[in-house]
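Chemist: File coords-v3.cif follows (mmCIF, C-alpha atoms):
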```cif
data_data
loop_
_atom_site.group_PDB
_atom_site.id
_atom_site.type_symbol
_atom_site.label_atom_id
_atom_site.label_comp_id
_atom_site.auth_asym_id
_atom_site.auth_seq_id
_atom_site.Cartn_x
_atom_site.Cartn_y
_atom_site.Cartn_z
ATOM 1 C CA MET F 1 0.000 0.000 0.000
ATOM 2 C CA GLN F 2 2.781 2.466 0.860
ATOM 3 C CA ASN F 3 4.432 1.871 -2.529
ATOM 4 C CA ARG F 4 1.105 2.445 -4.261
ATOM 5 C CA ILE F 5 0.554 5.666 -2.306
ATOM 6 C CA GLU F 6 4.031 6.944 -3.175
ATOM 7 C CA GLN F 7 3.562 6.234 -6.879
ATOM 8 C CA TYR F 8 0.179 7.932 -6.933
ATOM 9 C CA TRP F 9 1.381 11.160 -5.318
ATOM 10 C CA GLN F 10 4.309 11.447 -7.703
ATOM 11 C CA GLY F 11 1.784 12.303 -10.394
ATOM 12 C CA GLU F 12 0.052 14.948 -8.258
ATOM 13 C CA ALA F 13 3.114 17.106 -7.537
ATOM 14 C CA ALA F 14 2.835 19.712 -10.294
ATOM 15 C CA ARG F 15 -0.898 20.252 -9.776
ATOM 16 C CA TYR F 16 -0.558 20.588 -6.010
ATOM 17 C CA SER F 17 2.349 22.981 -6.428
ATOM 18 C CA GLU F 18 0.198 25.258 -8.592
ATOM 19 C CA ASN F 19 -2.529 25.092 -5.934
ATOM 20 C CA ILE F 20 -0.253 26.292 -3.146
ATOM 21 C CA ARG F 21 1.104 29.117 -5.289
ATOM 22 C CA ARG F 22 -2.460 30.395 -5.563
ATOM 23 C CA GLU F 23 -2.862 30.002 -1.788
ATOM 24 C CA MET F 24 0.270 32.083 -1.255
ATOM 25 C CA GLU F 25 -1.142 34.882 -3.393
ATOM 26 C CA GLY F 26 -4.558 35.033 -1.706
ATOM 27 C CA PHE F 27 -6.042 35.353 1.771
ATOM 28 C CA LYS F 28 -5.294 31.720 2.675
ATOM 29 C CA LYS F 29 -1.648 32.313 3.505
ATOM 30 C CA ALA F 30 -2.389 34.786 6.301
ATOM 31 C CA ALA F 31 -5.449 32.776 7.371
ATOM 32 C CA TRP F 32 -3.369 29.643 7.895
ATOM 33 C CA GLN F 33 -0.569 31.532 9.620
ATOM 34 C CA GLY F 34 -3.016 33.088 12.060
ATOM 35 C CA LEU F 35 -4.808 29.839 12.793
ATOM 36 C CA ILE F 36 -1.618 27.862 13.373
ATOM 37 C CA ALA F 37 -0.148 30.587 15.592
ATOM 38 C CA GLU F 38 -3.063 30.195 18.016
ATOM 39 C CA TYR F 39 -1.993 26.621 18.812
ATOM 40 C CA LEU F 40 1.803 26.812 18.792
ATOM 41 C CA PRO F 41 3.679 26.440 22.084
ATOM 42 C CA PRO F 42 5.560 29.500 23.368
ATOM 43 C CA GLY F 43 8.757 30.377 21.524
ATOM 44 C CA GLN F 44 10.000 32.730 18.821
ATOM 45 C CA GLU F 45 11.991 30.167 16.823
ATOM 46 C CA LEU F 46 10.339 26.793 17.176
ATOM 47 C CA LYS F 47 11.747 23.590 15.760
ATOM 48 C CA ILE F 48 8.937 22.285 13.537
ATOM 49 C CA LEU F 49 8.479 19.040 11.619
ATOM 50 C CA ASP F 50 6.135 19.331 8.626
ATOM 51 C CA ILE F 51 4.959 15.799 7.780
ATOM 52 C CA GLY F 52 3.698 15.180 4.260
ATOM 53 C CA THR F 53 4.834 18.640 3.178
ATOM 54 C CA GLY F 54 3.725 18.133 -0.424
ATOM 55 C CA PRO F 55 4.853 21.216 -2.380
ATOM 56 C CA GLY F 56 5.861 22.957 0.846
ATOM 57 C CA PHE F 57 3.014 25.298 1.798
ATOM 58 C CA PHE F 58 3.467 24.913 5.554
ATOM 59 C CA ALA F 59 7.257 24.869 5.149
ATOM 60 C CA VAL F 60 7.132 28.314 3.524
ATOM 61 C CA ILE F 61 4.559 30.010 5.753
ATOM 62 C CA LEU F 62 6.135 28.732 8.984
ATOM 63 C CA SER F 63 9.625 29.735 7.844
ATOM 64 C CA GLU F 64 8.255 33.197 7.111
ATOM 65 C CA GLN F 65 7.188 33.418 10.752
ATOM 66 C CA GLY F 66 10.753 32.755 11.890
ATOM 67 C CA HIS F 67 10.592 29.060 12.738
ATOM 68 C CA LYS F 68 13.160 26.394 11.860
ATOM 69 C CA VAL F 69 11.359 23.891 9.644
ATOM 70 C CA THR F 70 12.222 20.316 8.725
ATOM 71 C CA ALA F 71 9.879 18.759 6.159
ATOM 72 C CA ILE F 72 9.340 15.219 4.923
ATOM 73 C CA ASP F 73 7.353 13.547 2.167
ATOM 74 C CA CYS F 74 7.222 10.090 0.619
ATOM 75 C CA ALA F 75 7.180 11.348 -3.005
ATOM 76 C CA ASP F 76 10.351 12.569 -4.722
ATOM 77 C CA LYS F 77 8.469 14.905 -7.056
ATOM 78 C CA MET F 78 6.623 16.526 -4.173
ATOM 79 C CA LEU F 79 9.963 17.189 -2.500
ATOM 80 C CA GLU F 80 11.334 18.688 -5.717
ATOM 81 C CA GLU F 81 8.406 21.106 -5.850
ATOM 82 C CA ALA F 82 8.756 21.920 -2.148
ATOM 83 C CA LYS F 83 12.457 22.696 -2.499
ATOM 84 C CA ARG F 84 11.757 24.935 -5.481
ATOM 85 C CA ASN F 85 8.950 26.790 -3.730
ATOM 86 C CA THR F 86 10.945 27.423 -0.555
ATOM 87 C CA GLN F 87 13.966 28.582 -2.546
ATOM 88 C CA ILE F 88 11.809 31.012 -4.522
ATOM 89 C CA ALA F 89 10.420 32.326 -1.237
ATOM 90 C CA GLY F 90 13.977 32.743 0.076
ATOM 91 C CA TYR F 91 13.941 30.272 2.972
ATOM 92 C CA GLU F 92 16.138 27.357 4.011
ATOM 93 C CA VAL F 93 14.292 24.181 4.946
ATOM 94 C CA GLU F 94 15.702 20.696 5.524
ATOM 95 C CA PHE F 95 13.861 18.203 3.309
ATOM 96 C CA TYR F 96 13.929 14.416 3.580
ATOM 97 C CA LYS F 97 12.201 11.577 1.791
ATOM 98 C CA MET F 98 10.658 9.582 4.620
ATOM 99 C CA ASP F 99 7.715 7.376 5.558
ATOM 100 C CA SER F 100 5.604 9.270 8.095
ATOM 101 C CA HIS F 101 5.119 6.012 10.038
ATOM 102 C CA LEU F 102 8.858 5.629 10.678
ATOM 103 C CA LEU F 103 10.768 8.816 11.436
ATOM 104 C CA ALA F 104 14.558 8.987 11.371
ATOM 105 C CA PHE F 105 14.763 11.599 14.134
ATOM 106 C CA PRO F 106 15.752 11.236 17.801
ATOM 107 C CA ASP F 107 13.326 11.294 20.714
ATOM 108 C CA ASP F 108 12.179 14.662 22.108
ATOM 109 C CA TYR F 109 13.538 16.592 19.117
ATOM 110 C CA PHE F 110 10.803 18.922 17.810
ATOM 111 C CA ASP F 111 8.664 21.587 19.435
ATOM 112 C CA VAL F 112 5.876 21.029 16.903
ATOM 113 C CA VAL F 113 4.793 18.279 14.522
ATOM 114 C CA ILE F 114 2.299 19.517 11.943
ATOM 115 C CA ASN F 115 0.469 18.293 8.844
ATOM 116 C CA ARG F 116 -2.401 19.153 6.534
ATOM 117 C CA ASN F 117 -4.472 16.718 4.463
ATOM 118 C CA LEU F 118 -2.031 13.938 5.305
ATOM 119 C CA THR F 119 -3.564 11.704 7.942
ATOM 120 C CA TRP F 120 -6.414 10.405 5.758
ATOM 121 C CA ILE F 121 -3.869 8.469 3.720
ATOM 122 C CA LEU F 122 -2.064 6.783 6.645
ATOM 123 C CA TYR F 123 -2.208 2.993 6.395
ATOM 124 C CA ASP F 124 -1.455 2.583 10.137
ATOM 125 C CA PRO F 125 -2.352 5.821 11.950
ATOM 126 C CA LEU F 126 -1.741 4.539 15.466
ATOM 127 C CA THR F 127 1.855 3.638 14.591
ATOM 128 C CA ALA F 128 2.317 7.040 12.949
ATOM 129 C CA TYR F 129 0.852 8.924 15.917
ATOM 130 C CA ARG F 130 3.119 7.025 18.285
ATOM 131 C CA GLU F 131 6.146 8.062 16.193
ATOM 132 C CA TRP F 132 5.039 11.674 16.089
ATOM 133 C CA GLN F 133 4.663 11.711 19.854
ATOM 134 C CA ARG F 134 8.111 10.157 20.242
ATOM 135 C CA VAL F 135 9.906 12.946 18.360
ATOM 136 C CA LEU F 136 8.034 15.711 20.199
ATOM 137 C CA LYS F 137 9.657 17.405 23.167
ATOM 138 C CA PRO F 138 7.747 17.403 26.461
ATOM 139 C CA GLN F 139 5.049 20.092 26.154
ATOM 140 C CA GLY F 140 5.550 19.951 22.395
ATOM 141 C CA ARG F 141 2.436 20.033 20.259
ATOM 142 C CA LEU F 142 1.001 17.952 17.449
ATOM 143 C CA LEU F 143 -1.193 19.823 14.959
ATOM 144 C CA ILE F 144 -3.401 17.880 12.532
ATOM 145 C CA PHE F 145 -5.610 19.503 9.887
ATOM 146 C CA ASP F 146 -7.763 17.129 7.860
ATOM 147 C CA ALA F 147 -11.327 16.079 6.952
ATOM 148 C CA ASN F 148 -13.414 12.953 6.496
ATOM 149 C CA TRP F 149 -12.618 13.137 2.784
ATOM 150 C CA ASN F 150 -13.473 9.564 1.872
ATOM 151 C CA LEU F 151 -16.030 8.489 4.446
ATOM 152 C CA ARG F 152 -18.582 8.915 1.642
ATOM 153 C CA LEU F 153 -17.140 5.832 -0.075
ATOM 154 C CA HIS F 154 -18.639 3.765 2.764
ATOM 155 C CA ASP F 155 -21.659 5.943 3.615
ATOM 156 C CA ALA F 156 -24.511 6.291 1.119
ATOM 157 C CA GLN F 157 -25.924 9.442 2.729
ATOM 158 C CA LEU F 158 -22.572 11.226 2.652
ATOM 159 C CA GLN F 159 -22.080 10.136 -0.947
ATOM 160 C CA LYS F 160 -25.461 11.649 -1.827
ATOM 161 C CA GLN F 161 -24.548 14.918 -0.101
ATOM 162 C CA TYR F 162 -21.217 14.962 -1.929
ATOM 163 C CA GLU F 163 -22.904 14.477 -5.304
ATOM 164 C CA GLU F 164 -25.398 17.243 -4.514
ATOM 165 C CA ASP F 165 -22.533 19.597 -3.646
ATOM 166 C CA GLN F 166 -20.768 18.809 -6.907
ATOM 167 C CA ALA F 167 -23.976 19.342 -8.872
ATOM 168 C CA GLU F 168 -24.513 22.742 -7.253
ATOM 169 C CA ALA F 169 -20.912 23.699 -7.961
ATOM 170 C CA GLU F 170 -21.381 22.757 -11.608
ATOM 171 C CA ARG F 171 -24.548 24.872 -11.834
ATOM 172 C CA LEU F 172 -22.605 27.829 -10.436
ATOM 173 C CA GLY F 173 -19.751 27.309 -12.879
ATOM 174 C CA ILE F 174 -17.266 26.241 -10.207
ATOM 175 C CA ILE F 175 -14.593 23.966 -11.622
ATOM 176 C CA ARG F 176 -13.224 21.354 -9.254
ATOM 177 C CA ASN F 177 -9.450 21.098 -9.419
ATOM 178 C CA ASP F 178 -9.625 17.338 -9.066
ATOM 179 C CA HIS F 179 -6.989 14.649 -8.753
ATOM 180 C CA VAL F 180 -5.023 13.654 -11.827
ATOM 181 C CA ASP F 181 -6.503 10.150 -11.549
ATOM 182 C CA PRO F 182 -9.622 10.427 -9.326
ATOM 183 C CA ASP F 183 -10.567 6.780 -9.876
ATOM 184 C CA GLU F 184 -7.218 5.557 -8.597
ATOM 185 C CA CYS F 185 -7.474 7.968 -5.667
ATOM 186 C CA ASP F 186 -10.868 6.487 -4.732
ATOM 187 C CA ASN F 187 -9.587 2.942 -5.204
ATOM 188 C CA ILE F 188 -6.708 3.580 -2.830
ATOM 189 C CA ALA F 189 -8.941 5.407 -0.359
ATOM 190 C CA LYS F 190 -11.444 2.549 -0.130
ATOM 191 C CA ASP F 191 -8.776 0.379 1.508
ATOM 192 C CA LEU F 192 -7.406 2.994 3.902
ATOM 193 C CA PHE F 193 -8.148 2.945 7.618
ATOM 194 C CA PHE F 194 -9.592 6.428 7.945
ATOM 195 C CA SER F 195 -12.004 6.075 5.029
ATOM 196 C CA LYS F 196 -14.263 4.034 7.324
ATOM 197 C CA ILE F 197 -13.786 6.006 10.572
ATOM 198 C CA LEU F 198 -15.586 9.117 11.806
ATOM 199 C CA ARG F 199 -13.113 11.784 12.808
ATOM 200 C CA PRO F 200 -11.872 13.582 14.846
ATOM 201 C CA GLN F 201 -13.568 11.366 17.451
ATOM 202 C CA TRP F 202 -11.248 8.427 16.754
ATOM 203 C CA ASP F 203 -8.163 10.626 16.886
ATOM 204 C CA ALA F 204 -9.103 12.123 20.248
ATOM 205 C CA GLU F 205 -9.371 8.732 21.918
ATOM 206 C CA ALA F 206 -6.191 7.451 20.254
ATOM 207 C CA LEU F 207 -4.104 10.460 21.247
ATOM 208 C CA LEU F 208 -5.320 10.399 24.840
ATOM 209 C CA ASN F 209 -4.531 6.687 25.044
ATOM 210 C CA LEU F 210 -1.027 7.385 23.744
ATOM 211 C CA GLY F 211 -0.498 9.788 26.628
ATOM 212 C CA PHE F 212 -1.056 13.254 25.185
ATOM 213 C CA ARG F 213 -1.938 15.304 28.244
ATOM 214 C CA ARG F 214 -4.128 17.968 26.620
ATOM 215 C CA LEU F 215 -6.220 18.163 23.444
ATOM 216 C CA TRP F 216 -7.863 21.010 21.564
ATOM 217 C CA ILE F 217 -10.366 20.103 18.835
ATOM 218 C CA ASP F 218 -12.353 22.200 16.384
ATOM 219 C CA THR F 219 -14.647 20.086 14.224
ATOM 220 C CA ASN F 220 -15.085 22.763 11.559
ATOM 221 C CA ILE F 221 -12.460 25.366 10.644
ATOM 222 C CA SER F 222 -13.675 25.723 7.058
ATOM 223 C CA ASP F 223 -14.923 29.304 7.405
ATOM 224 C CA ARG F 224 -11.466 30.425 8.449
ATOM 225 C CA ILE F 225 -9.352 28.891 5.693
ATOM 226 C CA TRP F 226 -11.608 28.182 2.674
ATOM 227 C CA ASP F 227 -12.960 30.522 0.032
ATOM 228 C CA GLU F 228 -16.594 30.436 -1.082
ATOM 229 C CA GLU F 229 -15.938 27.911 -3.856
ATOM 230 C CA ASP F 230 -14.171 25.557 -1.436
ATOM 231 C CA LYS F 231 -17.129 25.776 0.927
ATOM 232 C CA ILE F 232 -19.538 24.626 -1.792
ATOM 233 C CA LEU F 233 -17.322 21.900 -3.217
ATOM 234 C CA ASN F 234 -16.442 20.474 0.208
ATOM 235 C CA ARG F 235 -19.573 21.305 2.188
ATOM 236 C CA SER F 236 -20.144 17.697 3.252
ATOM 237 C CA THR F 237 -16.526 17.312 4.434
ATOM 238 C CA PRO F 238 -15.620 20.254 6.696
ATOM 239 C CA MET F 239 -11.997 20.516 7.729
ATOM 240 C CA PHE F 240 -11.194 19.846 11.385
ATOM 241 C CA LEU F 241 -8.307 20.743 13.656
ATOM 242 C CA ILE F 242 -6.699 18.579 16.327
ATOM 243 C CA CYS F 243 -3.984 19.846 18.642
ATOM 244 C CA GLY F 244 -2.379 17.548 21.181
ATOM 245 C CA GLU F 245 0.193 18.511 23.817
ATOM 246 C CA LYS F 246 2.724 15.912 24.896
#
```
Could you rewrite the structure in this file as structure tokens?

Modeler:
Amino acid sequence: MQNRIEQYWQGEAARYSENIRREMEGFKKAAWQGLIAEYLPPGQELKILDIGTGPGFFAVILSEQGHKVTAIDCADKMLEEAKRNTQIAGYEVEFYKMDSHLLAFPDDYFDVVINRNLTWILYDPLTAYREWQRVLKPQGRLLIFDANWNLRLHDAQLQKQYEEDQAEAERLGIIRNDHVDPDECDNIAKDLFFSKILRPQWDAEALLNLGFRRLWIDTNISDRIWDEEDKILNRSTPMFLICGEK
């Protein structure tokens, strides 16, 4: 499964890179910076691990705020785009190709571990969460931003809502910037753990059981970081936030 995931995301790199360039030029950059800043631990220059960096959106916006960022991804082409985007922005970030389930970093190393739209594709989230906790310093924080993107593949009512949202978007002339191979994306998603699990409820229990001492959860942050087109296209899958303190 991990090999299949890596191969799939190689083909998404250029499209995702164009997406984050548009985010950088609009309101989303400042919106994300403000939202993340609310949940960071104290410190002017935090040591941050960006997991599943993709084309480097978080790597750029966190570097701009003065933090020292290390970023990993499982796809070579994503890392190429991320390196290019951070260089254009004028920042130095350490990039590594790495499986997010098995981190090559020492214990108690980072102040923050962060990711966006990454956890849905984990094949063994409990193992990954345990690793992320391991590399966090005491009082360090884990920040997860994601949605129940593929729960509709196992829930007829959610699938109906999704189709209604897409139909409304089409009527309004909104073009979905979809995956390069949406069928393969759905085929992979059907077999993934989180495609059958309601979140963030599962995550909260798992993180508490792993020993995180405090949690902050917002089940819908969509109004803060999406534009009006995003809100229509993804109405049935609002984005949530999870913050856990070690």

Chemist: Name every residue that the PyMOL selection byres ((chain F and resi 8-13) around 8) selects in this structure, writing the answer as JSON, numbers by chain with chains first and numbers rising.

Modeler: {"F": [4, 5, 6, 7, 14, 15, 16, 17, 54, 55, 75, 76, 77, 78, 81, 179, 180, 184, 185]}

Chemist: Select, from F:Gln201, F:Ser100, F:Thr219, F:Asn209, the residue with the minimum atom-to-atom distance to Phe240 of chain F, counting all atoms listed in the file.

Modeler: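 Closest to Phe240 of chain F of all the choices is F:Thr219.
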
Chemist: I want to know what sits within 12 Å of Ile36 of chain F, based on all atoms listed in the file, with residues of the same chain fewer than 3 positions away left out; could you give that as a PyMOL selection string?

Modeler: chain F and resi 28-33+39-41+48+58+61-62+65+112-116+141-145+221+224-225+241-243

Chemist: Of the candidates F:Pro125, F:Gly173, F:Pro138, F:Gly90, which one gets nearest to Asp108 of chain F if we count only C-alpha atoms?

Modeler: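 Among the listed residues, F:Pro138 lies closest to Asp108 of chain F.
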
Chemist: Let me make sure I understand: among F:Asp230, F:Gln139, F:Arg235, F:Pro182, which one has the smallest atom-to-atom distance to Gly211 of chain F if we use all atoms listed in the file?

Modeler: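 Checking each candidate against Gly211 of chain F, we get F:Gln139 as the closest.
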
Chemist: What does the distance between atom CA of Val135 of chain F and atom CA of Ser63 of chain F come to in Å, to one decimal place?

Modeler: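 Going from atom CA of Val135 of chain F over to atom CA of Ser63 of chain F covers 19.8 Å.
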
Chemist: I'd like to see the residues matched by the PyMOL selection byres ((chain F and resi 176) around 9) on this file, and ideally I'd get them as a ChimeraX atom specification.

Modeler: /F:166,169-170,174-175,177-178,229-230,233

Chemist: Could you check how far atom CA of Leu153 of chain F sits from atom CA of Ile188 of chain F, in Å to one decimal?

Modeler: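 Separating atom CA of Leu153 of chain F from atom CA of Ile188 of chain F is a distance of 11.0 Å.
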
Chemist: Could you work out how far atom CA of Ile121 of chain F lies from atom CA of Gln2 of chain F, giving the answer in Å with one decimal?

Modeler: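 It comes out at 9.4 Å.
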